[in-house]
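Q: Take this structure, written in structure tokens, and hold onto it; I'll ask about it next.
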There are 2 protein chains.
Amino acid sequence: MAEVVDVRSRILAANEEAASALRSRFHADGTLVVNLISSPGSGKTSLLEATVPALRDRHRLAAIEGDIATERDADRLRRLGIPAVQILTGGACHLDARQVRRAVDDARLGVPDMLFVENVGNLICPTAYDLGEDFKVALLSVTEGDDKPFKYPAIFARAAVAVVTKIDLLPHVGFDLDAVRAELSTLNPAGTVLLTSARSGEGIAAWCGLLEARLAAKRGGAG
Amino acid sequence: MAEVVDVRSRILAANEEAASALRSRFHADGTLVVNLISSPGSGKTSLLEATVPALRDRHRLAAIEGDIATERDADRLRRLGIPAVQILTGGACHLDARQVRRAVDDARLGVPDMLFVENVGNLICPTAYDLGEDFKVALLSVTEGDDKPFKYPAIFARAAVAVVTKIDLLPHVGFDLDAVRAELSTLNPAGTVLLTSARSGEGIAAWCGLLEARLAAKRGGAG
């Protein structure tokens with residue numbers, strides 16, 4: 001077990017180093033980087049599909065898509081006219097900073113104003129891997145149940161923004177929004193909680209507003 | 001990297017050994033063991049909540065619940081009157097055979113006819129860890145999207161049974177059931193696909209029938 005812990009420590013240390021270099025590069029480029037994390041099927045790609053049309057006329061957008069298999073998510077975003085690089089992790093349950101660096105080196109991405117990094121569908125493994133992002137976003141769909149923040153506390157504690165997705169389905173599922181807000185607030189008192197539906201469009205303007213405010217702040221208000 | 005691969009190989013080999021011993025023990029006890037795997041919030045516990053009342057009068061049932069944090073799932077099953085042992089994995093994204101052995105050694109579980117092992121909510125990590133089960137069940141809720149089998153091929157290829165859950169929500173989501181059936185059939189031509197709704201009860205009788213048939217088969221038809 002000591003050996004396992006040691007190997008894991010070295011992997012995380014190497015990741016931290018790569019993430020730190022990436023963060024410097026994104027700072028120099030003025031690129032806002034968002035690391036999107038959720039269970040499979042919580043609506044990460046759907047949220048981006050709703051985001052891109054709202055922002056693409058004002059900002060250069062790009063995406064890095066992490067998956068075990070298939071180019072499906074990158075293809076969905078390319079259809080909206082933004083560059084997207086697919087990282088296939090094989091069996092790995094999260095992206096790491098070196099994979100993101102290789103993707104950023106791909107000339108197709110250009111130097112975007114906002115770079116969305118859609119992590120592998122997983123509420124656990126991506127938590128510990130810094131990708132040089134400005135902030136993490138944890139998505140939770142109302143169909144997954146209102147017990148999830150305390151069941152997966154690490155990611156909801158670390159994500160600066162929690163997005164409750166698929167709120168158009170609220171009338172059809174038992175989901176106690178107040179209980180979820182209370183758990184999120186306990187785990188991350190300074191965090192922001194947004195409610196969205198990619199289908200109805202509800203909450204997308206607030207989400208895009210948050211992204212634009214963060215971009216402006218990163219660029220010292222020169223937006 | 002060679003070192004990481006080596007450590008991982010040894011971990012898996014140790015797991016195989018523990019799983020093999022567990023399988024012999026379950027065989028001797030005549031206990032049918034089902035390893036339930038899915039994303040967070042696909043409805044593993046809800047499926048068990050619908051299963052228990054249908055089977056508890058005819059069979060001794062027990063559950064082992066794997067989670068990162070909280071006893072919530074074990075508590076839900078205890079309320080139905082069956083013994084349930086909660087394994088908290090801390091940060092680990094899957095159960096392993098040694099954890100299951102310790103849980104089985106817990107006198108509260110007794111020697112059940114059917115033992116449900118609810119893995120940590122994750123479509124990736126649990127795939128490689130044999131727990132001595134008779135078969136794996138992969139759950140996919142209709143709210144997660146119809147693209148998931150090919151995006152997470154390993155688990156859907158290995159699970160003898162795929163359960164499409166929350167089918168009461170089909171009218172409210174875009175979910176191409178035929179496409180999912182085709183992907184599941186490609187990944188696992190011999191697999192069984194069931195459709196269920198824990199809320200409406202649809203498909204629960206077929207699922208329970210499958211469990212009873214497997215139990216009878218394991219006991220040489222003496223059921």
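Chain lettering (A, B, ...) mirrors the order of the structure tokens, residue numbering begins at 1 for each chain separately, and ligand numbering begins at 1 in order of display.
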Extract, using only C-alpha atoms, all DNA, RNA and protein residues at most 8 Å from Phe116 (chain A), discarding same-chain residues fewer than 2 positions from it, and format them as JSON, numbers by chain.

A: {"A": [33, 34, 35, 36, 61, 62, 63, 64, 114, 118]}

Q: Could you please select, counting only C-alpha atoms, the residues of chain B within 10 Å of chain A and state them as an MDAnalysis selection string?

A: chainID B and resid 1 3:4 7:8 11 38:43 67:73 90:94 120:125 127:128 140:154 166 168:169 172:173 199

Q: Could you pull out the strand (DSSP E or B) residues of chain A, going by DSSP on the backbone, and write them as a ChimeraX atom specification?

A: /A:32-37,61-67,84-88,114-118,135-141,161-165,192-195

Q: Measuring atom to atom with only C-alpha atoms, identify which of A:Ala84, A:Ala182, A:Ala97, A:Ala157 is nearest to Leu109 (chain A).

A: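 Looking only at the distances to Leu109 (chain A), the closest residue turns out to be A:Ala84.
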
Q: Would you please work out which residue, of A:Leu215, A:Ala18, A:Leu195, A:Val52, is nearest to Arg102 (chain A) when using only C-alpha atoms?

A: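 Checking each of A:Leu215, A:Ala18, A:Leu195, A:Val52 against Arg102 (chain A), counting only C-alpha atoms, the winner is A:Ala18.
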
Q: Using DSSP assignments from the backbone, pull out every residue in chain A that falls under helix (DSSP H, G or I) and give it to me as a ChimeraX atom specification.

A: /A:2-29,44-55,72-78,97-104,107-109,125-128,142-144,148-151,153-158,167-172,177-187,204-218

Q: With a distance cut-off of 10 Å and only C-alpha atoms, select the neighbouring residues of region 216-220 of chain B, excluding the residue or stretch itself and same-chain residues fewer than 2 positions from it, and output the selection as a list in words.

A: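 Near region 216-220 of chain B, the qualifying residues are His27, Ala28, Asp29, Gly30, Thr31, Leu32, Asp134, Leu210, Leu211, Glu212, Ala213, Arg214, Ala222 and Gly223 of chain B.
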
Q: Taking 6 positions as the minimum chain separation for residues in the same chain, which residues sit within 8 Å of Tyr129 (chain B) when counting only C-alpha atoms? Answer as a list in words.

A: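 Using only C-alpha atoms, the neighbours found are Leu12, Asn15, Glu16, His94, Leu95, Asp96 and Ala97 of chain B.
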
Q: When you look at Ala159 (chain B) with a cut-off of 9 Å (counting only C-alpha atoms), what residues show up, excluding the ones that are within fewer than 2 positions of it in the same chain? I need them as number ranges by chain.

A: B: 37, 127, 135-138, 154-157, 161-162, 188, 191-192

Q: Write out as an NGL selection string which residues come within 7 Å of Thr196 (chain A) when counting only C-alpha atoms, dropping same-chain ones fewer than 2 positions away.

A: :A and (163-167 or 194 or 198 or 202-204)

Q: What gap, in Å, lies between CA of Ser197 (chain A) and CA of Leu47 (chain A)?

A: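 Between CA of Ser197 (chain A) and CA of Leu47 (chain A) the gap works out to 7.9 Å.
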
Q: Kindly give the distance, in Å, that separates CA of Arg58 (chain B) and CA of Asp106 (chain B), rounded to a single decimal.

A: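 Straight-line distance from CA of Arg58 (chain B) to CA of Asp106 (chain B) works out to 22.8 Å.
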